[in-house]
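Below is final.txt, holding compact mmCIF, N, CA and C atoms.
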# COMPACT_ATOMS: atom_id res chain seq x y z
N MET A 1 64.66 149.39 156.97
CA MET A 1 65.03 148.14 156.35
C MET A 1 66.55 147.99 156.39
N ALA A 2 67.01 146.88 156.84
CA ALA A 2 68.44 146.62 156.98
C ALA A 2 69.05 146.27 155.62
N PRO A 3 70.28 146.70 155.38
CA PRO A 3 70.92 146.35 154.10
C PRO A 3 71.18 144.84 154.02
N ARG A 4 71.05 144.36 152.83
CA ARG A 4 71.27 142.93 152.59
C ARG A 4 72.74 142.62 152.56
N ARG A 5 73.11 141.55 153.17
CA ARG A 5 74.50 141.11 153.14
C ARG A 5 74.67 140.12 152.01
N THR A 6 75.71 140.32 151.27
CA THR A 6 76.02 139.37 150.21
C THR A 6 77.21 138.55 150.64
N THR A 7 77.17 137.30 150.37
CA THR A 7 78.29 136.43 150.70
C THR A 7 78.95 135.98 149.42
N ILE A 8 80.22 135.87 149.50
CA ILE A 8 80.99 135.40 148.37
C ILE A 8 81.29 133.93 148.60
N ALA A 9 81.00 133.14 147.60
CA ALA A 9 81.25 131.71 147.72
C ALA A 9 82.74 131.46 147.77
N PRO A 10 83.20 130.58 148.64
CA PRO A 10 84.65 130.30 148.71
C PRO A 10 85.12 129.67 147.41
N THR A 11 86.34 130.02 147.07
CA THR A 11 86.91 129.48 145.84
C THR A 11 87.66 128.19 146.14
N ASP A 12 87.91 127.46 145.09
CA ASP A 12 88.69 126.24 145.22
C ASP A 12 90.14 126.62 145.51
N PRO A 13 90.73 126.17 146.59
CA PRO A 13 92.09 126.60 146.94
C PRO A 13 93.15 126.15 145.95
N THR A 14 92.85 125.18 145.12
CA THR A 14 93.86 124.73 144.16
C THR A 14 93.83 125.57 142.89
N VAL A 15 92.83 126.42 142.72
CA VAL A 15 92.70 127.19 141.50
C VAL A 15 93.42 128.53 141.57
N GLY A 16 93.25 129.25 142.63
CA GLY A 16 93.80 130.60 142.70
C GLY A 16 94.63 130.82 143.95
N PRO A 17 94.84 132.07 144.28
CA PRO A 17 95.60 132.39 145.48
C PRO A 17 94.86 131.92 146.74
N PRO A 18 95.57 131.71 147.83
CA PRO A 18 94.92 131.19 149.03
C PRO A 18 93.92 132.15 149.65
N TRP A 19 94.03 133.46 149.37
CA TRP A 19 93.09 134.41 149.95
C TRP A 19 91.82 134.53 149.13
N GLY A 20 91.73 133.85 147.99
CA GLY A 20 90.51 133.80 147.21
C GLY A 20 90.33 134.94 146.24
N GLY A 21 91.28 135.85 146.15
CA GLY A 21 91.15 136.97 145.21
C GLY A 21 91.64 136.59 143.83
N ARG A 22 91.53 137.54 142.95
CA ARG A 22 92.01 137.30 141.59
C ARG A 22 93.40 137.88 141.44
N MET A 23 94.21 137.22 140.64
CA MET A 23 95.56 137.69 140.40
C MET A 23 95.52 138.67 139.24
N GLY A 24 96.11 139.82 139.43
CA GLY A 24 96.13 140.84 138.39
C GLY A 24 97.14 140.52 137.31
N CYS A 25 97.10 141.29 136.26
CA CYS A 25 98.00 141.03 135.15
C CYS A 25 99.15 142.03 135.12
N LEU A 26 99.45 142.64 136.25
CA LEU A 26 100.54 143.61 136.31
C LEU A 26 101.89 142.97 135.96
N LEU A 27 102.12 141.76 136.45
CA LEU A 27 103.36 141.07 136.15
C LEU A 27 103.49 140.76 134.66
N VAL A 28 102.40 140.39 134.05
CA VAL A 28 102.41 140.09 132.61
C VAL A 28 102.66 141.36 131.81
N LEU A 29 102.02 142.45 132.18
CA LEU A 29 102.26 143.71 131.48
C LEU A 29 103.69 144.19 131.66
N LEU A 30 104.20 144.06 132.86
CA LEU A 30 105.58 144.45 133.11
C LEU A 30 106.55 143.58 132.33
N ALA A 31 106.25 142.29 132.23
CA ALA A 31 107.11 141.39 131.46
C ALA A 31 107.10 141.73 129.98
N ALA A 32 105.97 142.20 129.48
CA ALA A 32 105.89 142.56 128.07
C ALA A 32 106.71 143.80 127.75
N PHE A 33 106.76 144.74 128.69
CA PHE A 33 107.45 145.99 128.41
C PHE A 33 108.86 146.04 128.99
N ALA A 34 109.14 145.25 130.00
CA ALA A 34 110.46 145.28 130.64
C ALA A 34 110.88 143.87 131.06
N PRO A 35 111.20 143.00 130.09
CA PRO A 35 111.55 141.63 130.46
C PRO A 35 112.84 141.55 131.28
N ARG A 36 113.77 142.46 131.07
CA ARG A 36 115.01 142.44 131.84
C ARG A 36 114.71 142.67 133.32
N LEU A 37 113.79 143.56 133.60
CA LEU A 37 113.43 143.84 134.99
C LEU A 37 112.81 142.62 135.66
N ILE A 38 111.95 141.91 134.95
CA ILE A 38 111.31 140.71 135.51
C ILE A 38 112.35 139.61 135.75
N VAL A 39 113.31 139.45 134.83
CA VAL A 39 114.34 138.43 135.01
C VAL A 39 115.20 138.78 136.23
N VAL A 40 115.55 140.04 136.40
CA VAL A 40 116.34 140.45 137.57
C VAL A 40 115.54 140.23 138.85
N PHE A 41 114.24 140.59 138.84
CA PHE A 41 113.40 140.34 140.02
C PHE A 41 113.33 138.86 140.34
N ALA A 42 113.18 138.02 139.32
CA ALA A 42 113.12 136.57 139.55
C ALA A 42 114.45 136.06 140.09
N TRP A 43 115.54 136.59 139.59
CA TRP A 43 116.87 136.17 140.05
C TRP A 43 117.08 136.53 141.51
N ILE A 44 116.60 137.72 141.91
CA ILE A 44 116.75 138.15 143.30
C ILE A 44 115.77 137.43 144.21
N ALA A 45 114.53 137.29 143.78
CA ALA A 45 113.48 136.73 144.63
C ALA A 45 113.58 135.22 144.78
N ARG A 46 113.92 134.51 143.72
CA ARG A 46 113.97 133.05 143.75
C ARG A 46 115.30 132.53 143.21
N PRO A 47 116.39 132.73 143.92
CA PRO A 47 117.69 132.28 143.40
C PRO A 47 117.80 130.76 143.28
N ALA A 48 117.11 130.02 144.15
CA ALA A 48 117.17 128.55 144.04
C ALA A 48 116.47 128.07 142.78
N TYR A 49 115.31 128.65 142.47
CA TYR A 49 114.60 128.28 141.24
C TYR A 49 115.42 128.69 140.03
N PHE A 50 115.98 129.88 140.09
CA PHE A 50 116.79 130.37 138.98
C PHE A 50 117.99 129.47 138.76
N GLY A 51 118.60 129.03 139.86
CA GLY A 51 119.75 128.13 139.76
C GLY A 51 119.39 126.75 139.25
N SER A 52 118.15 126.31 139.50
CA SER A 52 117.75 125.00 139.00
C SER A 52 117.38 125.04 137.51
N VAL A 53 116.97 126.19 137.02
CA VAL A 53 116.66 126.31 135.59
C VAL A 53 117.94 126.50 134.78
N PHE A 54 118.83 127.34 135.26
CA PHE A 54 120.10 127.60 134.59
C PHE A 54 121.22 126.96 135.40
N ASP A 55 122.13 126.27 134.72
CA ASP A 55 123.22 125.58 135.40
C ASP A 55 124.30 126.54 135.89
N THR A 56 124.51 127.62 135.16
CA THR A 56 125.56 128.57 135.49
C THR A 56 125.01 129.98 135.42
N TRP A 57 125.73 130.95 135.92
CA TRP A 57 125.24 132.33 135.92
C TRP A 57 125.56 133.05 134.61
N ILE A 58 126.45 132.52 133.80
CA ILE A 58 126.86 133.24 132.59
C ILE A 58 125.76 133.25 131.52
N PHE A 59 125.03 132.16 131.37
CA PHE A 59 123.97 132.13 130.34
C PHE A 59 122.82 133.07 130.66
N PRO A 60 122.33 133.11 131.90
CA PRO A 60 121.28 134.10 132.16
C PRO A 60 121.78 135.54 132.07
N LEU A 61 123.04 135.77 132.41
CA LEU A 61 123.57 137.13 132.29
C LEU A 61 123.67 137.55 130.83
N LEU A 62 124.17 136.66 129.98
CA LEU A 62 124.23 136.97 128.55
C LEU A 62 122.82 137.10 127.96
N GLY A 63 121.91 136.24 128.41
CA GLY A 63 120.53 136.34 127.96
C GLY A 63 119.87 137.62 128.41
N LEU A 64 120.20 138.06 129.60
CA LEU A 64 119.66 139.31 130.13
C LEU A 64 120.11 140.49 129.29
N ILE A 65 121.33 140.43 128.80
CA ILE A 65 121.88 141.53 128.00
C ILE A 65 121.39 141.46 126.55
N PHE A 66 121.46 140.29 125.92
CA PHE A 66 121.22 140.19 124.48
C PHE A 66 119.85 139.66 124.09
N LEU A 67 119.30 138.70 124.82
CA LEU A 67 118.02 138.08 124.46
C LEU A 67 117.10 138.04 125.70
N PRO A 68 116.55 139.18 126.11
CA PRO A 68 115.78 139.19 127.36
C PRO A 68 114.47 138.41 127.30
N PHE A 69 113.73 138.47 126.20
CA PHE A 69 112.47 137.72 126.11
C PHE A 69 112.73 136.21 126.11
N THR A 70 113.78 135.80 125.41
CA THR A 70 114.12 134.38 125.38
C THR A 70 114.52 133.89 126.76
N THR A 71 115.28 134.70 127.49
CA THR A 71 115.66 134.32 128.85
C THR A 71 114.44 134.22 129.76
N LEU A 72 113.52 135.16 129.61
CA LEU A 72 112.30 135.13 130.43
C LEU A 72 111.44 133.91 130.11
N ILE A 73 111.27 133.61 128.84
CA ILE A 73 110.47 132.43 128.46
C ILE A 73 111.17 131.16 128.91
N TRP A 74 112.48 131.09 128.77
CA TRP A 74 113.21 129.89 129.23
C TRP A 74 113.03 129.73 130.73
N LEU A 75 113.01 130.83 131.45
CA LEU A 75 112.80 130.78 132.89
C LEU A 75 111.40 130.28 133.22
N LEU A 76 110.42 130.64 132.42
CA LEU A 76 109.03 130.24 132.68
C LEU A 76 108.75 128.79 132.27
N VAL A 77 109.26 128.36 131.12
CA VAL A 77 108.93 127.01 130.64
C VAL A 77 109.98 125.97 131.00
N GLY A 78 111.13 126.41 131.47
CA GLY A 78 112.19 125.45 131.78
C GLY A 78 112.19 124.98 133.21
N ALA A 79 111.03 124.92 133.82
CA ALA A 79 110.95 124.53 135.23
C ALA A 79 111.35 123.07 135.40
N PRO A 80 112.17 122.80 136.40
CA PRO A 80 112.56 121.42 136.67
C PRO A 80 111.37 120.61 137.17
N PRO A 81 111.31 119.35 137.07
CA PRO A 81 112.37 118.44 136.64
C PRO A 81 112.36 118.17 135.14
N GLN A 82 111.27 118.49 134.43
CA GLN A 82 111.21 118.09 133.03
C GLN A 82 111.96 119.03 132.10
N GLY A 83 112.10 120.30 132.42
CA GLY A 83 112.81 121.23 131.55
C GLY A 83 111.97 121.59 130.34
N VAL A 84 112.64 121.97 129.27
CA VAL A 84 111.95 122.39 128.05
C VAL A 84 111.75 121.16 127.17
N GLU A 85 110.48 120.87 126.88
CA GLU A 85 110.16 119.71 126.04
C GLU A 85 108.85 119.96 125.33
N GLY A 86 108.66 119.28 124.23
CA GLY A 86 107.40 119.35 123.50
C GLY A 86 107.10 120.73 122.94
N LEU A 87 105.89 121.22 123.22
CA LEU A 87 105.47 122.52 122.70
C LEU A 87 106.13 123.69 123.41
N ASP A 88 106.89 123.42 124.45
CA ASP A 88 107.64 124.49 125.11
C ASP A 88 108.65 125.11 124.13
N TRP A 89 109.15 124.30 123.23
CA TRP A 89 110.12 124.81 122.25
C TRP A 89 109.48 125.85 121.34
N LEU A 90 108.18 125.75 121.11
CA LEU A 90 107.49 126.76 120.30
C LEU A 90 107.59 128.13 120.96
N TRP A 91 107.38 128.18 122.28
CA TRP A 91 107.47 129.44 123.00
C TRP A 91 108.88 129.99 122.99
N VAL A 92 109.86 129.11 123.10
CA VAL A 92 111.26 129.55 123.07
C VAL A 92 111.60 130.12 121.69
N VAL A 93 111.17 129.45 120.64
CA VAL A 93 111.43 129.93 119.27
C VAL A 93 110.73 131.27 119.03
N LEU A 94 109.49 131.41 119.50
CA LEU A 94 108.78 132.68 119.35
C LEU A 94 109.49 133.80 120.10
N ALA A 95 110.03 133.51 121.26
CA ALA A 95 110.77 134.51 122.02
C ALA A 95 112.06 134.90 121.31
N VAL A 96 112.74 133.93 120.69
CA VAL A 96 113.94 134.25 119.91
C VAL A 96 113.58 135.15 118.74
N PHE A 97 112.49 134.84 118.04
CA PHE A 97 112.05 135.69 116.93
C PHE A 97 111.69 137.09 117.42
N LEU A 98 111.07 137.19 118.59
CA LEU A 98 110.72 138.49 119.14
C LEU A 98 111.98 139.30 119.45
N ASP A 99 112.97 138.67 120.06
CA ASP A 99 114.22 139.37 120.34
C ASP A 99 114.94 139.77 119.06
N LEU A 100 115.01 138.87 118.10
CA LEU A 100 115.69 139.19 116.84
C LEU A 100 114.95 140.26 116.05
N SER A 101 113.61 140.27 116.13
CA SER A 101 112.85 141.31 115.43
C SER A 101 113.11 142.67 116.05
N HIS A 102 113.36 142.71 117.34
CA HIS A 102 113.73 143.97 117.98
C HIS A 102 115.05 144.50 117.41
N TYR A 103 116.03 143.61 117.28
CA TYR A 103 117.32 144.04 116.71
C TYR A 103 117.18 144.41 115.24
N ALA A 104 116.36 143.69 114.49
CA ALA A 104 116.16 144.02 113.08
C ALA A 104 115.46 145.37 112.94
N ASN A 105 114.50 145.65 113.78
CA ASN A 105 113.80 146.93 113.74
C ASN A 105 114.74 148.08 114.11
N THR A 106 115.58 147.85 115.09
CA THR A 106 116.55 148.86 115.48
C THR A 106 117.54 149.12 114.34
N TYR A 107 117.98 148.06 113.67
CA TYR A 107 118.90 148.22 112.55
C TYR A 107 118.21 148.96 111.39
N GLU A 108 116.96 148.67 111.15
CA GLU A 108 116.22 149.30 110.05
C GLU A 108 116.03 150.80 110.31
N GLN A 109 115.88 151.20 111.54
CA GLN A 109 115.62 152.60 111.86
C GLN A 109 116.87 153.37 112.27
N ARG A 110 118.04 152.85 111.98
CA ARG A 110 119.27 153.49 112.42
C ARG A 110 119.46 154.85 111.76
N ASP A 111 119.04 155.04 110.51
CA ASP A 111 119.20 156.32 109.84
C ASP A 111 118.24 157.37 110.41
N THR A 112 117.08 156.93 110.82
CA THR A 112 116.10 157.87 111.37
C THR A 112 116.60 158.44 112.69
N VAL A 113 117.18 157.62 113.52
CA VAL A 113 117.66 158.08 114.81
C VAL A 113 118.88 158.98 114.64
N SER A 114 119.76 158.65 113.71
CA SER A 114 120.95 159.49 113.52
C SER A 114 120.59 160.83 112.91
N GLY A 115 119.45 160.93 112.24
CA GLY A 115 119.01 162.20 111.66
C GLY A 115 118.40 163.12 112.69
N GLY A 116 118.08 162.65 113.86
CA GLY A 116 117.56 163.53 114.88
C GLY A 116 116.10 163.30 115.18
N MET A 117 115.79 162.25 115.84
CA MET A 117 114.45 161.96 116.37
C MET A 117 113.36 162.02 115.30
N GLY A 118 113.55 161.28 114.25
CA GLY A 118 112.49 161.14 113.25
C GLY A 118 112.54 162.13 112.12
N ARG A 119 113.43 163.10 112.17
CA ARG A 119 113.51 164.05 111.07
C ARG A 119 114.44 163.52 110.00
N ASN A 120 114.08 163.72 108.77
CA ASN A 120 114.90 163.25 107.66
C ASN A 120 116.07 164.22 107.47
N PRO A 121 117.31 163.72 107.52
CA PRO A 121 118.46 164.63 107.42
C PRO A 121 118.69 165.18 106.01
N SER A 122 118.10 164.56 105.01
CA SER A 122 118.34 165.04 103.64
C SER A 122 117.38 166.19 103.34
N PRO A 123 117.83 167.14 102.52
CA PRO A 123 116.96 168.27 102.17
C PRO A 123 115.83 167.80 101.26
N PRO A 124 114.76 168.56 101.21
CA PRO A 124 113.64 168.16 100.33
C PRO A 124 114.08 168.21 98.87
N THR A 125 113.55 167.31 98.09
CA THR A 125 113.95 167.23 96.68
C THR A 125 112.94 167.89 95.75
N ALA A 126 111.77 168.18 96.23
CA ALA A 126 110.76 168.81 95.37
C ALA A 126 111.07 170.29 95.22
N THR A 127 110.79 170.82 94.04
CA THR A 127 111.00 172.24 93.80
C THR A 127 109.76 173.01 94.22
N PRO A 128 109.94 174.20 94.75
CA PRO A 128 108.76 174.97 95.17
C PRO A 128 107.96 175.41 93.96
N PRO A 129 106.68 175.60 94.12
CA PRO A 129 105.85 176.04 92.98
C PRO A 129 106.20 177.47 92.59
N THR A 130 106.10 177.74 91.32
CA THR A 130 106.40 179.08 90.82
C THR A 130 105.11 179.81 90.53
N ASN A 131 105.11 181.14 90.75
CA ASN A 131 103.93 181.95 90.45
C ASN A 131 104.03 182.44 89.01
N ARG A 132 102.95 182.36 88.27
CA ARG A 132 102.96 182.82 86.88
C ARG A 132 102.07 183.97 86.68
Write-out of the structure in structure tokens:
Amino acid sequence: MAPRRTTIAPTDPTVGPPWGGRMGCLLVLLAAFAPRLIVVFAWIARPAYFGSVFDTWIFPLLGLIFLPFTTLIWLLVGAPPQGVEGLDWLWVVLAVFLDLSHYANTYEQRDTVSGGMGRNPSPPTATPPTNR
């Protein structure tokens, strides 16, 4: 008995990639953990798009250093010709909060890091139990 051949129905070319496969979420995962890397890749790969979203190079450079998630979201939602409008501002504000929460968390944990990788630098305050 011959093996049965299965055929895959062609996909709508306007929905996905032209080869009909599914797009993985590697870029999304990488953007979540390394937004600076994705912004640099976008700057190198698509300089014309990057130049149309940002008028000058100083703002994306400062954003890359200080507010990487905000720069990445601005790059994603600020596509020309309409730019950032409507509910796009919600994403930008959420990205600003995400960047600021990173700095707040770093500031909150500054004593832990200076004490040596999670160890408390102060001596224990409890007295040892005594034998009677």
Discussion item. Report, in Å with one decimal, the straight-line distance from atom CA of Phe69 of chain A to atom CA of Ser101 of chain A.
Written reply: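 Result for atom CA of Phe69 of chain A versus atom CA of Ser101 of chain A: 11.3 Å, one decimal.
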Discussion item. For Gly51 of chain A, find every residue with an atom within 10 Å (counting only C-alpha atoms), except residues of its own chain fewer than 6 positions away, and show them as a ChimeraX atom specification.
Written reply: /A:43,57,60
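Candidate residues A:Leu72, A:Leu90, A:Leu67, A:Ile58 were compared for distance to Ala42 of chain A, and the nearest is A:Leu72, using only C-alpha atoms.
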Worksheet item: What is the distance, in Å and to one decimal place, between atom CA of Thr70 of chain A and atom N of Ala95 of chain A?
Response: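 If I compute the distance from atom CA of Thr70 of chain A to atom N of Ala95 of chain A, I get 5.9 Å.
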Among segment 6-114 of chain A, which ones does DSSP assign to alpha helix (DSSP H) (computed from the backbone)? Answer as a short mmCIF file (atom, residue, chain, number, x, y, z; two decimals) with N, CA and C atoms, in the frame of the given file.
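Once written, out09.cif looks like this:
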data_model
loop_
_atom_site.label_atom_id
_atom_site.label_comp_id
_atom_site.auth_asym_id
_atom_site.auth_seq_id
_atom_site.Cartn_x
_atom_site.Cartn_y
_atom_site.Cartn_z
N LEU A 26 99.45 142.64 136.25
CA LEU A 26 100.54 143.61 136.31
C LEU A 26 101.89 142.97 135.96
N LEU A 27 102.12 141.76 136.45
CA LEU A 27 103.36 141.07 136.15
C LEU A 27 103.49 140.76 134.66
N VAL A 28 102.40 140.39 134.05
CA VAL A 28 102.41 140.09 132.61
C VAL A 28 102.66 141.36 131.81
N LEU A 29 102.02 142.45 132.18
CA LEU A 29 102.26 143.71 131.48
C LEU A 29 103.69 144.19 131.66
N LEU A 30 104.20 144.06 132.86
CA LEU A 30 105.58 144.45 133.11
C LEU A 30 106.55 143.58 132.33
N ALA A 31 106.25 142.29 132.23
CA ALA A 31 107.11 141.39 131.46
C ALA A 31 107.10 141.73 129.98
N ALA A 32 105.97 142.20 129.48
CA ALA A 32 105.89 142.56 128.07
C ALA A 32 106.71 143.80 127.75
N PHE A 33 106.76 144.74 128.69
CA PHE A 33 107.45 145.99 128.41
C PHE A 33 108.86 146.04 128.99
N PRO A 35 111.20 143.00 130.09
CA PRO A 35 111.55 141.63 130.46
C PRO A 35 112.84 141.55 131.28
N ARG A 36 113.77 142.46 131.07
CA ARG A 36 115.01 142.44 131.84
C ARG A 36 114.71 142.67 133.32
N LEU A 37 113.79 143.56 133.60
CA LEU A 37 113.43 143.84 134.99
C LEU A 37 112.81 142.62 135.66
N ILE A 38 111.95 141.91 134.95
CA ILE A 38 111.31 140.71 135.51
C ILE A 38 112.35 139.61 135.75
N VAL A 39 113.31 139.45 134.83
CA VAL A 39 114.34 138.43 135.01
C VAL A 39 115.20 138.78 136.23
N VAL A 40 115.55 140.04 136.40
CA VAL A 40 116.34 140.45 137.57
C VAL A 40 115.54 140.23 138.85
N PHE A 41 114.24 140.59 138.84
CA PHE A 41 113.40 140.34 140.02
C PHE A 41 113.33 138.86 140.34
N ALA A 42 113.18 138.02 139.32
CA ALA A 42 113.12 136.57 139.55
C ALA A 42 114.45 136.06 140.09
N TRP A 43 115.54 136.59 139.59
CA TRP A 43 116.87 136.17 140.05
C TRP A 43 117.08 136.53 141.51
N ILE A 44 116.60 137.72 141.91
CA ILE A 44 116.75 138.15 143.30
C ILE A 44 115.77 137.43 144.21
N ALA A 45 114.53 137.29 143.78
CA ALA A 45 113.48 136.73 144.63
C ALA A 45 113.58 135.22 144.78
N PRO A 47 116.39 132.73 143.92
CA PRO A 47 117.69 132.28 143.40
C PRO A 47 117.80 130.76 143.28
N ALA A 48 117.11 130.02 144.15
CA ALA A 48 117.17 128.55 144.04
C ALA A 48 116.47 128.07 142.78
N TYR A 49 115.31 128.65 142.47
CA TYR A 49 114.60 128.28 141.24
C TYR A 49 115.42 128.69 140.03
N PHE A 50 115.98 129.88 140.09
CA PHE A 50 116.79 130.37 138.98
C PHE A 50 117.99 129.47 138.76
N GLY A 51 118.60 129.03 139.86
CA GLY A 51 119.75 128.13 139.76
C GLY A 51 119.39 126.75 139.25
N SER A 52 118.15 126.31 139.50
CA SER A 52 117.75 125.00 139.00
C SER A 52 117.38 125.04 137.51
N VAL A 53 116.97 126.19 137.02
CA VAL A 53 116.66 126.31 135.59
C VAL A 53 117.94 126.50 134.78
N ILE A 58 126.45 132.52 133.80
CA ILE A 58 126.86 133.24 132.59
C ILE A 58 125.76 133.25 131.52
N PHE A 59 125.03 132.16 131.37
CA PHE A 59 123.97 132.13 130.34
C PHE A 59 122.82 133.07 130.66
N PRO A 60 122.33 133.11 131.90
CA PRO A 60 121.28 134.10 132.16
C PRO A 60 121.78 135.54 132.07
N LEU A 61 123.04 135.77 132.41
CA LEU A 61 123.57 137.13 132.29
C LEU A 61 123.67 137.55 130.83
N LEU A 62 124.17 136.66 129.98
CA LEU A 62 124.23 136.97 128.55
C LEU A 62 122.82 137.10 127.96
N GLY A 63 121.91 136.24 128.41
CA GLY A 63 120.53 136.34 127.96
C GLY A 63 119.87 137.62 128.41
N LEU A 64 120.20 138.06 129.60
CA LEU A 64 119.66 139.31 130.13
C LEU A 64 120.11 140.49 129.29
N ILE A 65 121.33 140.43 128.80
CA ILE A 65 121.88 141.53 128.00
C ILE A 65 121.39 141.46 126.55
N PHE A 66 121.46 140.29 125.92
CA PHE A 66 121.22 140.19 124.48
C PHE A 66 119.85 139.66 124.09
N PRO A 68 116.55 139.18 126.11
CA PRO A 68 115.78 139.19 127.36
C PRO A 68 114.47 138.41 127.30
N PHE A 69 113.73 138.47 126.20
CA PHE A 69 112.47 137.72 126.11
C PHE A 69 112.73 136.21 126.11
N THR A 70 113.78 135.80 125.41
CA THR A 70 114.12 134.38 125.38
C THR A 70 114.52 133.89 126.76
N THR A 71 115.28 134.70 127.49
CA THR A 71 115.66 134.32 128.85
C THR A 71 114.44 134.22 129.76
N LEU A 72 113.52 135.16 129.61
CA LEU A 72 112.30 135.13 130.43
C LEU A 72 111.44 133.91 130.11
N ILE A 73 111.27 133.61 128.84
CA ILE A 73 110.47 132.43 128.46
C ILE A 73 111.17 131.16 128.91
N TRP A 74 112.48 131.09 128.77
CA TRP A 74 113.21 129.89 129.23
C TRP A 74 113.03 129.73 130.73
N LEU A 75 113.01 130.83 131.45
CA LEU A 75 112.80 130.78 132.89
C LEU A 75 111.40 130.28 133.22
N LEU A 76 110.42 130.64 132.42
CA LEU A 76 109.03 130.24 132.68
C LEU A 76 108.75 128.79 132.27
N VAL A 77 109.26 128.36 131.12
CA VAL A 77 108.93 127.01 130.64
C VAL A 77 109.98 125.97 131.00
N ASP A 88 106.89 123.42 124.45
CA ASP A 88 107.64 124.49 125.11
C ASP A 88 108.65 125.11 124.13
N TRP A 89 109.15 124.30 123.23
CA TRP A 89 110.12 124.81 122.25
C TRP A 89 109.48 125.85 121.34
N LEU A 90 108.18 125.75 121.11
CA LEU A 90 107.49 126.76 120.30
C LEU A 90 107.59 128.13 120.96
N TRP A 91 107.38 128.18 122.28
CA TRP A 91 107.47 129.44 123.00
C TRP A 91 108.88 129.99 122.99
N VAL A 92 109.86 129.11 123.10
CA VAL A 92 111.26 129.55 123.07
C VAL A 92 111.60 130.12 121.69
N VAL A 93 111.17 129.45 120.64
CA VAL A 93 111.43 129.93 119.27
C VAL A 93 110.73 131.27 119.03
N LEU A 94 109.49 131.41 119.50
CA LEU A 94 108.78 132.68 119.35
C LEU A 94 109.49 133.80 120.10
N ALA A 95 110.03 133.51 121.26
CA ALA A 95 110.77 134.51 122.02
C ALA A 95 112.06 134.90 121.31
N VAL A 96 112.74 133.93 120.69
CA VAL A 96 113.94 134.25 119.91
C VAL A 96 113.58 135.15 118.74
N PHE A 97 112.49 134.84 118.04
CA PHE A 97 112.05 135.69 116.93
C PHE A 97 111.69 137.09 117.42
N LEU A 98 111.07 137.19 118.59
CA LEU A 98 110.72 138.49 119.14
C LEU A 98 111.98 139.30 119.45
N ASP A 99 112.97 138.67 120.06
CA ASP A 99 114.22 139.37 120.34
C ASP A 99 114.94 139.77 119.06
N LEU A 100 115.01 138.87 118.10
CA LEU A 100 115.69 139.19 116.84
C LEU A 100 114.95 140.26 116.05
N SER A 101 113.61 140.27 116.13
CA SER A 101 112.85 141.31 115.43
C SER A 101 113.11 142.67 116.05
N HIS A 102 113.36 142.71 117.34
CA HIS A 102 113.73 143.97 117.98
C HIS A 102 115.05 144.50 117.41
N TYR A 103 116.03 143.61 117.28
CA TYR A 103 117.32 144.04 116.71
C TYR A 103 117.18 144.41 115.24
N ALA A 104 116.36 143.69 114.49
CA ALA A 104 116.16 144.02 113.08
C ALA A 104 115.46 145.37 112.94
N ASN A 105 114.50 145.65 113.78
CA ASN A 105 113.80 146.93 113.74
C ASN A 105 114.74 148.08 114.11
N THR A 106 115.58 147.85 115.09
CA THR A 106 116.55 148.86 115.48
C THR A 106 117.54 149.12 114.34
N TYR A 107 117.98 148.06 113.67
CA TYR A 107 118.90 148.22 112.55
C TYR A 107 118.21 148.96 111.39
N GLU A 108 116.96 148.67 111.15
CA GLU A 108 116.22 149.30 110.05
C GLU A 108 116.03 150.80 110.31
N ARG A 110 118.04 152.85 111.98
CA ARG A 110 119.27 153.49 112.42
C ARG A 110 119.46 154.85 111.76
N ASP A 111 119.04 155.04 110.51
CA ASP A 111 119.20 156.32 109.84
C ASP A 111 118.24 157.37 110.41
N THR A 112 117.08 156.93 110.82
CA THR A 112 116.10 157.87 111.37
C THR A 112 116.60 158.44 112.69
N VAL A 113 117.18 157.62 113.52
CA VAL A 113 117.66 158.08 114.81
C VAL A 113 118.88 158.98 114.64
N SER A 114 119.76 158.65 113.71
CA SER A 114 120.95 159.49 113.52
C SER A 114 120.59 160.83 112.91
#
Worksheet item: Do you know which residues are at most 12 Å from Leu75 of chain A counting only C-alpha atoms, after dropping those on the same chain fewer than 5 positions away, and could you put them as a count of residues only?
Response: 31
